[in-house]
>>> print(open('run23.csv').read())   # CSV, C-alpha atoms
chain,number,residue,atom,x,y,z
A,19,MET,CA,4.5,-14.4,-22.4
A,20,ASP,CA,2.9,-11.1,-23.3
A,21,ARG,CA,4.6,-7.7,-23.2
A,22,LEU,CA,2.1,-5.3,-21.4
A,23,ALA,CA,1.2,-1.9,-22.8
A,24,ASN,CA,0.1,0.0,-19.7
A,25,THR,CA,-1.9,3.1,-18.9
A,26,VAL,CA,-0.7,6.0,-16.8
A,27,ARG,CA,-3.3,7.7,-14.6
A,28,PRO,CA,-2.8,11.5,-14.3
A,29,TYR,CA,-4.2,12.1,-10.8
A,30,ALA,CA,-3.5,15.6,-9.5
A,31,TRP,CA,-1.3,14.3,-6.6
A,32,GLY,CA,1.1,12.6,-8.9
A,33,SER,CA,4.8,13.3,-9.6
A,34,THR,CA,5.6,14.8,-13.0
A,35,THR,CA,9.0,13.1,-13.2
A,36,ALA,CA,9.3,9.8,-11.3
A,37,ILE,CA,7.5,7.5,-13.7
A,38,PRO,CA,9.0,9.1,-16.8
A,39,GLU,CA,12.5,8.8,-15.4
A,40,LEU,CA,12.0,5.1,-14.8
A,41,LEU,CA,10.5,4.5,-18.3
A,42,GLY,CA,13.2,6.7,-19.9
A,43,THR,CA,10.6,9.0,-21.5
A,44,ALA,CA,10.3,12.8,-21.5
A,45,PRO,CA,8.0,14.3,-18.8
A,46,THR,CA,4.9,15.8,-20.2
A,47,GLY,CA,4.7,18.5,-17.5
A,48,GLU,CA,1.5,16.9,-16.2
A,49,PRO,CA,1.2,14.6,-13.1
A,50,GLN,CA,1.8,11.0,-13.8
A,51,ALA,CA,0.5,9.4,-10.6
A,52,GLU,CA,0.0,5.7,-11.3
A,53,LEU,CA,0.9,3.2,-14.0
A,54,TRP,CA,-1.5,0.2,-13.9
A,55,MET,CA,-0.4,-3.3,-14.8
A,56,GLY,CA,-3.2,-5.9,-14.8
A,57,ALA,CA,-6.8,-6.5,-15.9
A,58,HIS,CA,-8.8,-3.9,-14.0
A,59,PRO,CA,-11.6,-2.7,-16.4
A,60,GLY,CA,-10.9,0.9,-15.5
A,61,ALA,CA,-7.5,0.9,-17.3
A,62,PRO,CA,-6.5,-2.7,-18.4
A,63,SER,CA,-3.1,-3.5,-19.8
A,64,ARG,CA,-3.1,-4.5,-23.4
A,65,VAL,CA,-1.5,-7.5,-25.0
A,66,ASP,CA,-0.9,-8.4,-28.7
A,67,ARG,CA,-1.0,-12.0,-29.7
A,68,GLY,CA,-0.9,-11.3,-33.4
A,69,ALA,CA,-4.3,-9.6,-34.0
A,70,GLY,CA,-3.5,-6.2,-32.5
A,71,PRO,CA,-3.7,-4.9,-29.0
A,72,VAL,CA,-6.4,-6.4,-26.8
A,73,PRO,CA,-7.3,-5.6,-23.2
A,74,LEU,CA,-5.9,-8.2,-20.8
A,75,CYS,CA,-9.3,-8.5,-19.1
A,76,ASP,CA,-10.8,-9.6,-22.4
A,77,VAL,CA,-8.1,-12.1,-23.0
A,78,ILE,CA,-8.6,-13.6,-19.6
A,79,GLY,CA,-12.4,-13.6,-20.0
A,80,GLU,CA,-12.2,-15.8,-23.1
A,81,ASP,CA,-10.3,-18.6,-21.3
A,82,PRO,CA,-9.8,-18.0,-17.6
A,83,GLY,CA,-8.8,-21.6,-16.9
A,84,THR,CA,-5.8,-21.4,-19.2
A,85,GLU,CA,-4.8,-17.8,-18.3
A,86,LEU,CA,-5.2,-18.0,-14.6
A,87,GLY,CA,-5.0,-21.7,-13.7
A,88,ALA,CA,-7.7,-23.9,-12.3
A,89,ASP,CA,-6.8,-23.3,-8.7
A,90,THR,CA,-7.0,-19.5,-9.1
A,91,VAL,CA,-10.4,-19.7,-10.8
A,92,ARG,CA,-11.8,-22.1,-8.2
A,93,ARG,CA,-10.6,-20.1,-5.2
A,94,LEU,CA,-10.8,-16.5,-6.4
A,95,GLY,CA,-13.0,-16.5,-9.5
A,96,PRO,CA,-12.5,-16.1,-13.3
A,97,ARG,CA,-10.6,-12.7,-13.2
A,98,LEU,CA,-7.1,-11.6,-12.4
A,99,PRO,CA,-7.3,-11.2,-8.6
A,100,PHE,CA,-4.7,-8.5,-8.2
A,101,LEU,CA,-3.7,-5.1,-9.7
A,102,LEU,CA,0.0,-4.1,-9.8
A,103,LYS,CA,0.9,-0.4,-9.9
A,104,LEU,CA,3.8,2.0,-10.0
A,105,LEU,CA,2.7,4.8,-7.6
A,106,ALA,CA,4.4,8.2,-7.7
A,107,ALA,CA,3.1,10.6,-5.1
A,108,ALA,CA,4.2,14.3,-4.9
A,109,SER,CA,1.4,15.3,-2.6
A,110,PRO,CA,-0.8,13.5,-0.1
A,111,LEU,CA,-3.4,11.0,-1.3
A,112,SER,CA,-6.8,10.9,0.5
A,113,LEU,CA,-7.0,9.5,4.0
A,114,GLN,CA,-8.9,6.3,3.6
A,115,VAL,CA,-9.8,2.8,4.8
A,116,HIS,CA,-10.9,-0.4,3.2
A,117,PRO,CA,-13.6,-2.9,4.3
A,118,ASP,CA,-13.1,-6.5,5.2
A,119,PRO,CA,-14.5,-9.2,2.9
A,120,GLU,CA,-17.8,-9.6,4.9
A,121,ARG,CA,-18.6,-5.9,5.0
A,122,ALA,CA,-17.6,-5.5,1.3
A,123,LYS,CA,-20.2,-8.2,0.3
A,124,GLU,CA,-22.9,-6.7,2.6
A,125,GLY,CA,-22.3,-3.1,1.6
A,126,PHE,CA,-22.3,-3.9,-2.1
A,127,ALA,CA,-25.5,-5.9,-1.8
A,128,GLU,CA,-27.2,-3.1,0.2
A,129,GLU,CA,-26.3,-0.5,-2.4
A,130,GLU,CA,-27.4,-2.8,-5.2
A,131,ARG,CA,-30.8,-3.2,-3.5
A,132,ARG,CA,-31.1,0.6,-3.2
A,133,GLY,CA,-30.4,1.0,-6.9
A,134,ILE,CA,-27.4,3.3,-6.4
A,135,PRO,CA,-25.6,3.6,-9.8
A,136,HIS,CA,-22.1,2.3,-9.8
A,137,ASP,CA,-20.7,5.6,-10.9
A,138,ALA,CA,-22.7,7.7,-8.4
A,139,PRO,CA,-20.3,9.9,-6.4
A,140,HIS,CA,-21.9,8.9,-3.1
A,141,ARG,CA,-21.6,5.2,-3.7
A,142,ASN,CA,-19.2,3.4,-1.3
A,143,TYR,CA,-19.1,-0.1,-2.7
A,144,LYS,CA,-18.2,-0.6,-6.4
A,145,ASP,CA,-17.8,-4.4,-6.0
A,146,ALA,CA,-18.2,-7.1,-3.4
A,147,GLN,CA,-14.4,-7.6,-2.8
A,148,HIS,CA,-12.1,-6.4,-0.1
A,149,LYS,CA,-9.0,-4.4,-0.9
A,150,PRO,CA,-5.9,-5.3,1.1
A,151,GLU,CA,-2.8,-3.7,-0.4
A,152,LEU,CA,1.0,-3.6,-0.1
A,153,LEU,CA,3.3,-0.7,-0.9
A,154,CYS,CA,7.0,-1.4,-1.6
A,155,ALA,CA,9.2,1.7,-1.7
A,156,LEU,CA,11.5,2.3,-4.6
A,157,THR,CA,12.6,5.7,-3.1
A,158,PRO,CA,12.3,7.0,0.5
A,159,PHE,CA,8.5,7.0,1.0
A,160,ASP,CA,6.3,8.7,3.6
A,161,GLY,CA,2.9,7.6,4.7
A,162,LEU,CA,0.4,7.3,7.5
A,163,CYS,CA,-0.7,4.0,8.9
A,164,GLY,CA,-3.0,3.1,11.8
A,165,PHE,CA,-3.8,4.9,15.0
A,166,ARG,CA,-1.1,6.0,17.4
A,167,SER,CA,-1.9,5.2,21.1
A,168,PRO,CA,-4.3,7.8,22.6
A,169,ALA,CA,-1.8,8.9,25.2
A,170,ALA,CA,0.9,9.5,22.7
A,171,THR,CA,-1.5,11.4,20.4
A,172,ALA,CA,-2.7,13.5,23.3
A,173,GLY,CA,0.9,14.6,23.9
A,174,LEU,CA,1.5,15.3,20.3
A,175,LEU,CA,-1.7,17.5,20.0
A,176,ALA,CA,-1.1,19.2,23.3
A,177,ALA,CA,2.4,20.3,22.1
A,178,LEU,CA,0.7,22.2,19.2
A,179,ASP,CA,-0.8,24.5,21.8
A,180,VAL,CA,-4.0,25.1,19.8
A,181,ASP,CA,-6.9,25.9,22.2
A,182,SER,CA,-9.6,24.2,20.0
A,183,LEU,CA,-7.6,20.9,20.1
A,184,LYS,CA,-7.8,20.7,23.9
A,185,PRO,CA,-11.2,19.0,24.1
A,186,TYR,CA,-9.7,16.2,21.9
A,187,VAL,CA,-6.7,16.0,24.2
A,188,ASP,CA,-9.0,15.6,27.2
A,189,LEU,CA,-11.0,12.8,25.4
A,190,LEU,CA,-7.8,10.9,24.5
A,191,HIS,CA,-6.8,11.0,28.2
A,192,ALA,CA,-10.2,10.2,29.7
A,193,LEU,CA,-11.6,7.3,27.7
A,194,PRO,CA,-10.6,3.7,27.0
A,195,GLU,CA,-8.6,3.3,23.8
A,196,ALA,CA,-11.3,2.3,21.3
A,197,ASP,CA,-13.8,4.8,22.7
A,198,ALA,CA,-11.2,7.6,22.7
A,199,LEU,CA,-10.2,7.0,19.1
A,200,ARG,CA,-13.8,6.7,18.0
A,201,GLU,CA,-15.1,9.8,19.8
A,202,VAL,CA,-12.2,12.0,18.6
A,203,LEU,CA,-12.4,10.9,14.9
A,204,THR,CA,-16.2,11.3,15.0
A,205,ALA,CA,-15.9,14.8,16.5
A,206,VAL,CA,-13.3,15.9,14.0
A,207,LEU,CA,-15.2,14.7,10.9
A,208,GLY,CA,-18.6,16.0,12.2
A,209,ALA,CA,-17.5,19.4,13.4
A,210,ASP,CA,-18.7,22.7,12.0
A,211,HIS,CA,-16.7,23.2,8.8
A,212,ALA,CA,-15.7,26.8,9.4
A,213,ALA,CA,-14.6,26.1,12.9
A,214,MET,CA,-12.6,23.0,11.9
A,215,ALA,CA,-11.0,24.9,9.1
A,216,GLU,CA,-9.6,27.4,11.6
A,217,THR,CA,-8.4,24.6,13.8
A,218,ALA,CA,-6.7,22.8,11.0
A,219,GLU,CA,-4.9,25.9,9.8
A,220,ALA,CA,-3.7,26.7,13.3
A,221,ALA,CA,-2.6,23.1,13.8
A,222,GLY,CA,-0.8,23.1,10.5
A,223,ALA,CA,1.1,26.3,11.3
A,224,ALA,CA,2.1,24.9,14.7
A,225,ALA,CA,3.2,21.6,13.2
A,226,GLU,CA,5.4,23.6,10.7
A,227,ARG,CA,7.0,25.4,13.7
A,228,LEU,CA,7.6,22.2,15.7
A,229,ALA,CA,9.0,20.4,12.6
A,230,ALA,CA,11.8,23.0,12.6
A,231,GLU,CA,12.8,22.1,16.2
A,232,ASP,CA,14.6,19.1,17.6
A,233,GLY,CA,12.2,16.7,19.2
A,234,PRO,CA,11.0,13.1,19.2
A,235,HIS,CA,8.0,13.9,16.8
A,236,ARG,CA,9.9,16.1,14.4
A,237,ALA,CA,9.4,13.9,11.4
A,238,ALA,CA,5.7,13.4,12.2
A,239,TYR,CA,5.1,17.1,12.6
A,240,ALA,CA,6.9,17.7,9.3
A,241,ALA,CA,4.5,15.2,7.6
A,242,TYR,CA,1.4,16.9,9.2
A,243,ALA,CA,2.7,20.3,8.1
A,244,PHE,CA,3.1,18.9,4.6
A,245,ILE,CA,-0.5,17.7,4.6
A,246,ALA,CA,-1.7,21.0,5.9
A,247,ARG,CA,0.0,23.0,3.1
A,248,HIS,CA,-1.7,20.8,0.5
A,249,TYR,CA,-5.1,20.7,2.2
A,250,PRO,CA,-5.5,24.0,4.1
A,251,GLY,CA,-8.5,23.9,6.4
A,252,ASP,CA,-9.4,20.2,5.7
A,253,PRO,CA,-10.7,18.2,8.7
A,254,GLY,CA,-8.5,15.4,7.4
A,255,VAL,CA,-5.5,17.4,8.7
A,256,ILE,CA,-6.6,16.8,12.3
A,257,ALA,CA,-7.7,13.2,11.5
A,258,ALA,CA,-4.2,12.6,10.1
A,259,MET,CA,-2.6,13.6,13.3
A,260,LEU,CA,-4.3,10.6,15.0
A,261,LEU,CA,-2.2,8.3,12.8
A,262,ASN,CA,1.4,7.0,12.9
A,263,HIS,CA,3.8,8.5,10.5
A,264,VAL,CA,5.9,5.9,8.6
A,265,ARG,CA,9.0,6.5,6.5
A,266,LEU,CA,10.1,3.6,4.3
A,267,SER,CA,13.5,3.1,2.9
A,268,PRO,CA,13.9,1.7,-0.6
A,269,GLY,CA,13.1,-2.0,-0.6
A,270,GLU,CA,10.9,-1.8,2.5
A,271,GLY,CA,7.2,-2.5,2.4
A,272,LEU,CA,4.0,-1.7,4.3
A,273,TYR,CA,0.9,-3.9,4.3
A,274,LEU,CA,-2.5,-2.3,4.8
A,275,GLY,CA,-5.3,-4.6,5.9
A,276,ALA,CA,-9.0,-4.0,6.4
A,277,GLY,CA,-10.1,-1.3,8.8
A,278,VAL,CA,-6.7,0.4,9.1
A,279,PRO,CA,-6.8,4.1,8.2
A,280,HIS,CA,-3.9,5.2,6.1
A,281,ALA,CA,-2.6,7.7,3.5
A,282,TYR,CA,0.4,7.8,1.2
A,283,LEU,CA,2.1,11.2,1.3
A,284,ASP,CA,5.3,11.4,-0.8
A,285,GLY,CA,7.5,9.0,-2.7
A,286,PHE,CA,7.8,6.4,-5.5
A,287,GLY,CA,6.9,2.8,-5.1
A,288,ILE,CA,5.2,-0.4,-6.3
A,289,GLU,CA,1.7,-1.1,-5.0
A,290,ILE,CA,-0.1,-4.4,-5.3
A,291,MET,CA,-3.7,-4.8,-4.2
A,292,ALA,CA,-6.7,-7.0,-4.5
A,293,ASN,CA,-8.6,-6.1,-7.7
A,294,SER,CA,-11.2,-3.9,-6.0
A,295,ASP,CA,-12.4,-0.3,-6.0
A,296,ASN,CA,-13.8,-0.2,-2.4
A,297,VAL,CA,-12.5,2.9,-0.6
A,298,LEU,CA,-14.0,4.8,2.3
A,299,ARG,CA,-12.5,8.2,2.6
A,300,CYS,CA,-11.8,10.1,5.9
A,301,GLY,CA,-10.6,13.4,4.5
A,302,LEU,CA,-7.9,15.1,2.3
A,303,THR,CA,-10.2,14.9,-0.6
A,304,PRO,CA,-13.1,16.7,-2.3
A,305,LYS,CA,-14.8,13.3,-2.8
A,306,HIS,CA,-17.7,11.9,-0.8
A,307,VAL,CA,-17.1,11.1,2.9
A,308,ASP,CA,-19.7,8.8,4.4
A,309,ILE,CA,-19.1,9.2,8.1
A,310,PRO,CA,-21.5,6.6,9.5
A,311,GLU,CA,-20.2,3.9,7.1
A,312,LEU,CA,-16.6,4.9,7.7
A,313,LEU,CA,-17.1,4.5,11.5
A,314,ARG,CA,-18.6,1.1,10.9
A,315,VAL,CA,-15.5,0.0,9.0
A,316,VAL,CA,-12.6,1.6,10.9
A,317,ARG,CA,-10.8,-0.6,13.5
A,318,PHE,CA,-10.4,1.7,16.5
A,319,GLU,CA,-7.2,0.2,18.0
A,320,SER,CA,-3.7,1.6,18.2
A,321,THR,CA,-1.0,-0.2,16.2
A,322,VAL,CA,2.7,0.0,15.6
A,323,PRO,CA,3.2,-0.2,11.8
A,324,ALA,CA,5.0,-3.3,10.8
A,325,VAL,CA,7.6,-2.4,8.2
A,326,LEU,CA,8.1,-5.4,5.9
A,327,ARG,CA,11.5,-6.5,4.7
A,328,PRO,CA,11.7,-9.2,2.1
A,329,GLU,CA,12.9,-12.6,3.1
A,330,ALA,CA,14.9,-14.6,0.6
A,331,ASP,CA,14.1,-18.2,-0.2
A,332,ALA,CA,16.5,-20.9,-1.3
A,333,GLY,CA,16.5,-19.7,-4.9
A,334,GLY,CA,17.3,-16.1,-4.0
A,335,GLU,CA,13.8,-14.7,-4.5
A,336,GLU,CA,12.9,-12.2,-1.9
A,337,VAL,CA,9.3,-12.4,-0.7
A,338,TYR,CA,7.1,-9.8,1.0
A,339,ALA,CA,5.0,-11.9,3.3
A,340,THR,CA,1.3,-10.9,3.6
A,341,PRO,CA,-1.8,-12.8,5.0
A,342,VAL,CA,-4.0,-12.7,1.8
A,343,GLU,CA,-4.6,-15.0,-1.1
A,344,GLU,CA,-5.2,-12.4,-3.8
A,345,PHE,CA,-1.6,-11.4,-4.2
A,346,ARG,CA,2.0,-12.2,-3.5
A,347,LEU,CA,4.9,-9.8,-4.3
A,348,SER,CA,8.5,-10.8,-4.5
A,349,ARG,CA,11.7,-9.5,-6.2
A,350,GLN,CA,14.7,-11.1,-7.7
A,351,VAL,CA,18.0,-9.1,-7.9
A,352,PHE,CA,20.4,-10.5,-10.5
A,353,ALA,CA,24.1,-9.9,-10.0
A,354,PRO,CA,26.1,-8.2,-12.8
A,355,ALA,CA,27.1,-10.7,-15.5
A,356,SER,CA,24.9,-13.3,-13.9
A,357,GLU,CA,24.3,-16.4,-16.1
A,358,THR,CA,22.1,-18.3,-13.6
A,359,PRO,CA,18.4,-18.0,-14.6
A,360,ALA,CA,15.5,-18.2,-12.2
A,361,THR,CA,12.8,-20.6,-13.1
A,362,LEU,CA,9.3,-19.4,-12.4
A,363,PRO,CA,6.7,-21.7,-10.9
A,364,THR,CA,3.7,-22.6,-13.0
A,365,GLY,CA,0.0,-22.9,-12.2
A,366,ALA,CA,-0.9,-19.3,-11.5
A,367,PRO,CA,-0.9,-16.0,-13.4
A,368,GLN,CA,2.1,-13.7,-13.0
A,369,ILE,CA,3.1,-10.2,-13.9
A,370,LEU,CA,6.8,-9.4,-14.0
A,371,LEU,CA,8.1,-5.8,-13.7
A,372,CYS,CA,11.7,-4.8,-14.3
A,373,THR,CA,12.8,-1.8,-12.2
A,374,ALA,CA,16.5,-1.8,-12.9
A,375,GLY,CA,18.8,-3.1,-15.6
A,376,THR,CA,17.5,-5.4,-18.3
A,377,ALA,CA,15.7,-8.7,-17.8
A,378,VAL,CA,15.4,-11.5,-20.3
A,379,LEU,CA,12.4,-13.9,-20.2
A,380,SER,CA,12.9,-17.3,-21.9
A,381,ALA,CA,10.0,-19.6,-22.6
A,382,ALA,CA,10.2,-23.4,-23.0
A,383,ASP,CA,9.4,-23.0,-26.8
A,384,GLY,CA,12.5,-20.8,-27.3
A,385,THR,CA,10.6,-17.5,-27.3
A,386,ARG,CA,12.5,-14.7,-25.6
A,387,LEU,CA,11.2,-11.3,-24.3
A,388,THR,CA,13.5,-8.5,-23.1
A,389,LEU,CA,12.3,-6.1,-20.5
A,390,GLY,CA,13.9,-2.7,-19.8
A,391,GLN,CA,13.3,-0.5,-16.8
A,392,GLY,CA,9.6,0.1,-16.2
A,393,GLU,CA,8.5,-2.6,-18.7
A,394,SER,CA,6.4,-5.5,-17.7
A,395,ALA,CA,5.0,-8.8,-19.0
A,396,PHE,CA,2.1,-11.2,-18.2
A,397,VAL,CA,2.9,-14.9,-17.9
A,398,ARG,CA,0.0,-17.3,-18.3
A,399,ALA,CA,-0.5,-20.0,-15.7
A,400,ASP,CA,0.5,-22.8,-18.0
A,401,GLU,CA,3.8,-21.2,-19.3
A,402,ARG,CA,7.2,-22.3,-18.1
A,403,VAL,CA,9.5,-19.3,-18.1
A,404,GLU,CA,13.1,-18.6,-17.0
A,405,VAL,CA,14.2,-15.1,-16.0
A,406,SER,CA,17.8,-13.8,-16.2
A,407,GLY,CA,19.4,-10.4,-16.1
A,408,ASP,CA,22.6,-8.6,-16.0
A,409,GLY,CA,22.3,-6.5,-12.8
A,410,ALA,CA,18.5,-6.5,-13.2
A,411,THR,CA,15.8,-6.2,-10.5
A,412,VAL,CA,12.6,-7.9,-11.3
A,413,PHE,CA,9.4,-7.8,-9.2
A,414,ARG,CA,7.0,-10.7,-9.5
A,415,ALA,CA,3.3,-10.4,-8.8
A,416,THR,CA,1.2,-13.5,-8.5
A,417,VAL,CA,-1.5,-15.1,-6.2
A,418,ALA,CA,-0.7,-16.7,-2.9
A,419,LEU,CA,-2.7,-19.9,-3.0
>>> encode(input="run23.csv", output="structure tokens")
Amino acid sequence: MDRLANTVRPYAWGSTTAIPELLGTAPTGEPQAELWMGAHPGAPSRVDRGAGPVPLCDVIGEDPGTELGADTVRRLGPRLPFLLKLLAAASPLSLQVHPDPERAKEGFAEEERRGIPHDAPHRNYKDAQHKPELLCALTPFDGLCGFRSPAATAGLLAALDVDSLKPYVDLLHALPEADALREVLTAVLGADHAAMAETAEAAGAAAERLAAEDGPHRAAYAAYAFIARHYPGDPGVIAAMLLNHVRLSPGEGLYLGAGVPHAYLDGFGIEIMANSDNVLRCGLTPKHVDIPELLRVVRFESTVPAVLRPEADAGGEEVYATPVEEFRLSRQVFAPASETPATLPTGAPQILLCTAGTAVLSAADGTRLTLGQGESAFVRADERVEVSGDGATVFRATVAL
């Protein structure tokens, strides 16, 4: 077992208080957006096995078979396949979408052939992996996920009573679903910037007004008004209005697969994802937006976001079921004064994160490791470990082979 020393990423959209409150540290006054747990080379966790802190990616690289297990290496390669994060949003993240495995491989190979540097701001594919992800809320959490049906979106836009939105309303009524969504998103992102800025500002002001009134879309209008306040005049404000608004209660999750446009807006949660950097942005960002590639990747179909609730197995572990191999997220809630430990399976890498109370990890050789709130540990594939806790909540990240 290895206690993890983790890095906080200070992105501008981050909360200044959520992560410090969990860790029991003093806020710095600066945003603390994400705390990364894993072996991503951009900010790897560090472990100390007696020779000083070493990046986890280096430790795994020296002996992937032992650290990850033979099955993981054979199926997913010699690197930790997932990245676990604490994510604390105080303002909206960029509107984005992720490629499927096939397009990730093709896009990466194409940009390699063209010689585009990996750190170039206009590069889309930083690796050849897809990037499915799961968000589990620790507090009430607002986000956008997937397209609303064209008819419902037409009604929502029409109620804003903004003249420059009426052509989009007409398209949403006139065309088949996939065509309607494609045409409207293309038109929004490709419109004259000055004209779209006026439309976005007018739509944001109208959403602010409607959010103050009783109505079936009040929460959605409030979310769009929140976005407009943070990104005045951004075309992404209108693109966001094509998407479903979702509010998660603590403990609920949201899975985001390939081609599904989404954005996190506000709240504190745990995010787990395939260990990839492949993101195509649709707006709400000063970063590069590659409209042709975006339109190639987006799935133009309406969806009803499926909010995940964990299902308990016979041992009391609550699992968030997702359809990918790269990660599996679960949690164990230990009753106060509980003396019954949970035995972890072996054969795969695991990261354990304590979010409440105090957890005790006990290895077969008698080694013990205590985790407080916000602390985490890496467990090698060949280690047999028991977890116990007095009123503790422990999230477990591993692979799903």
>>> atom_distance(input="run23.csv", atom1="atom CA of Leu40 of chain A", atom2="atom CA of Tyr273 of chain A")
23.9 Å
>>> atom_distance(input="run23.csv", atom1="atom CA of Thr25 of chain A", atom2="atom CA of Ile290 of chain A")
15.6 Å
>>> atom_distance(input="run23.csv", atom1="atom CA of Leu153 of chain A", atom2="atom CA of Val412 of chain A")
15.7 Å
>>> residues_around(input="run23.csv", residues="Tyr282 of chain A", least_positions_apart="3", cutoff="9 Å", atoms="only C-alpha atoms", output="list of chain:residue names")
A:Ala107, A:Ser109, A:Pro110, A:Leu111, A:Ser112, A:Leu113, A:Phe159, A:Asp160, A:Gly161, A:Leu162, A:Cys163, A:Gly285
>>> write_last_selection(input="run23.csv", atoms="C-alpha atoms", output="PDB file, in the frame of the given file")
ATOM      1  CA  ALA A 107       3.100  10.600  -5.100  1.00  0.00           C
ATOM      2  CA  SER A 109       1.400  15.300  -2.600  1.00  0.00           C
ATOM      3  CA  PRO A 110      -0.800  13.500  -0.100  1.00  0.00           C
ATOM      4  CA  LEU A 111      -3.400  11.000  -1.300  1.00  0.00           C
ATOM      5  CA  SER A 112      -6.800  10.900   0.500  1.00  0.00           C
ATOM      6  CA  LEU A 113      -7.000   9.500   4.000  1.00  0.00           C
ATOM      7  CA  PHE A 159       8.500   7.000   1.000  1.00  0.00           C
ATOM      8  CA  ASP A 160       6.300   8.700   3.600  1.00  0.00           C
ATOM      9  CA  GLY A 161       2.900   7.600   4.700  1.00  0.00           C
ATOM     10  CA  LEU A 162       0.400   7.300   7.500  1.00  0.00           C
ATOM     11  CA  CYS A 163      -0.700   4.000   8.900  1.00  0.00           C
ATOM     12  CA  GLY A 285       7.500   9.000  -2.700  1.00  0.00           C
TER      13      GLY A 285
END
>>> residues_around(input="run23.csv", residues="Thr157 of chain A", least_positions_apart="2", cutoff="6 Å", atoms="all atoms listed in the file", output="list in words")
Ala155, Phe159, Pro268 and Phe286 of chain A
>>> residues_around(input="run23.csv", residues="Ala399 of chain A", least_positions_apart="2", cutoff="6 Å", atoms="all atoms listed in the file", output="list of chain:residue names")
A:Glu85, A:Leu86, A:Gly87, A:Thr364, A:Gly365, A:Ala366, A:Pro367, A:Glu401
>>> residues_around(input="run23.csv", residues="Leu104 of chain A", least_positions_apart="5", cutoff="6 Å", atoms="all atoms listed in the file", output="tab-separated table (two decimals) with C-alpha atoms, in the frame of the given file")
chain	number	residue	atom	x	y	z
A	52	GLU	CA	0.00	5.70	-11.30
A	53	LEU	CA	0.90	3.20	-14.00
A	287	GLY	CA	6.90	2.80	-5.10
A	288	ILE	CA	5.20	-0.40	-6.30
>>> closest_residue(input="run23.csv", among="A:Leu183, A:Ala224, A:Leu22, A:Leu302", to="Leu371 of chain A", atoms="all atoms listed in the file")
A:Leu22
>>> residues_around(input="run23.csv", residues="Gly95 of chain A", least_positions_apart="4", cutoff="10 Å", atoms="all atoms listed in the file", output="PDB file with C-alpha atoms, in the frame of the given file")
ATOM      1  CA  PRO A  82      -9.800 -18.000 -17.600  1.00  0.00           C
ATOM      2  CA  GLY A  83      -8.800 -21.600 -16.900  1.00  0.00           C
ATOM      3  CA  LEU A  86      -5.200 -18.000 -14.600  1.00  0.00           C
ATOM      4  CA  ALA A  88      -7.700 -23.900 -12.300  1.00  0.00           C
ATOM      5  CA  ASP A  89      -6.800 -23.300  -8.700  1.00  0.00           C
ATOM      6  CA  THR A  90      -7.000 -19.500  -9.100  1.00  0.00           C
ATOM      7  CA  VAL A  91     -10.400 -19.700 -10.800  1.00  0.00           C
ATOM      8  CA  PRO A  99      -7.300 -11.200  -8.600  1.00  0.00           C
TER       9      PRO A  99
END
>>> closest_residue(input="run23.csv", among="A:Phe352, A:Phe345, A:Tyr143, A:Tyr338", to="Leu312 of chain A", atoms="all atoms listed in the file")
A:Tyr143
>>> residues_near_point(input="run23.csv", point="(17.4, -5.2, -15.9)", cutoff="8 Å", atoms="only C-alpha atoms", output="list in words")
Cys372, Thr373, Ala374, Gly375, Thr376, Ala377, Val378, Leu389, Gly390, Gln391, Gly407, Asp408, Gly409, Ala410, Thr411 and Val412 of chain A
>>> build_atoms(input="run23.csv", residues="segment 199-205 of chain A", atoms="N, CA, C and O atoms", output="PDB file, keeping the file's coordinate frame")
ATOM      1  N   LEU A 199     -10.524   6.873  20.520  1.00  0.00           N
ATOM      2  CA  LEU A 199     -10.200   7.000  19.100  1.00  0.00           C
ATOM      3  C   LEU A 199     -11.523   7.285  18.311  1.00  0.00           C
ATOM      4  O   LEU A 199     -11.577   8.139  17.419  1.00  0.00           O
ATOM      5  N   ARG A 200     -12.571   6.528  18.647  1.00  0.00           N
ATOM      6  CA  ARG A 200     -13.800   6.700  18.000  1.00  0.00           C
ATOM      7  C   ARG A 200     -14.428   8.095  18.210  1.00  0.00           C
ATOM      8  O   ARG A 200     -14.886   8.778  17.275  1.00  0.00           O
ATOM      9  N   GLU A 201     -14.450   8.521  19.457  1.00  0.00           N
ATOM     10  CA  GLU A 201     -15.100   9.800  19.800  1.00  0.00           C
ATOM     11  C   GLU A 201     -14.309  10.968  19.131  1.00  0.00           C
ATOM     12  O   GLU A 201     -14.936  11.900  18.620  1.00  0.00           O
ATOM     13  N   VAL A 202     -12.987  10.906  19.133  1.00  0.00           N
ATOM     14  CA  VAL A 202     -12.200  12.000  18.600  1.00  0.00           C
ATOM     15  C   VAL A 202     -12.382  12.045  17.038  1.00  0.00           C
ATOM     16  O   VAL A 202     -12.617  13.120  16.452  1.00  0.00           O
ATOM     17  N   LEU A 203     -12.282  10.896  16.366  1.00  0.00           N
ATOM     18  CA  LEU A 203     -12.400  10.900  14.900  1.00  0.00           C
ATOM     19  C   LEU A 203     -13.852  11.362  14.533  1.00  0.00           C
ATOM     20  O   LEU A 203     -14.024  12.153  13.590  1.00  0.00           O
ATOM     21  N   THR A 204     -14.859  10.899  15.275  1.00  0.00           N
ATOM     22  CA  THR A 204     -16.200  11.300  15.000  1.00  0.00           C
ATOM     23  C   THR A 204     -16.394  12.821  15.164  1.00  0.00           C
ATOM     24  O   THR A 204     -17.026  13.500  14.340  1.00  0.00           O
ATOM     25  N   ALA A 205     -15.825  13.363  16.244  1.00  0.00           N
ATOM     26  CA  ALA A 205     -15.900  14.800  16.500  1.00  0.00           C
ATOM     27  C   ALA A 205     -15.228  15.622  15.439  1.00  0.00           C
ATOM     28  O   ALA A 205     -15.744  16.649  14.986  1.00  0.00           O
TER      29      ALA A 205
END
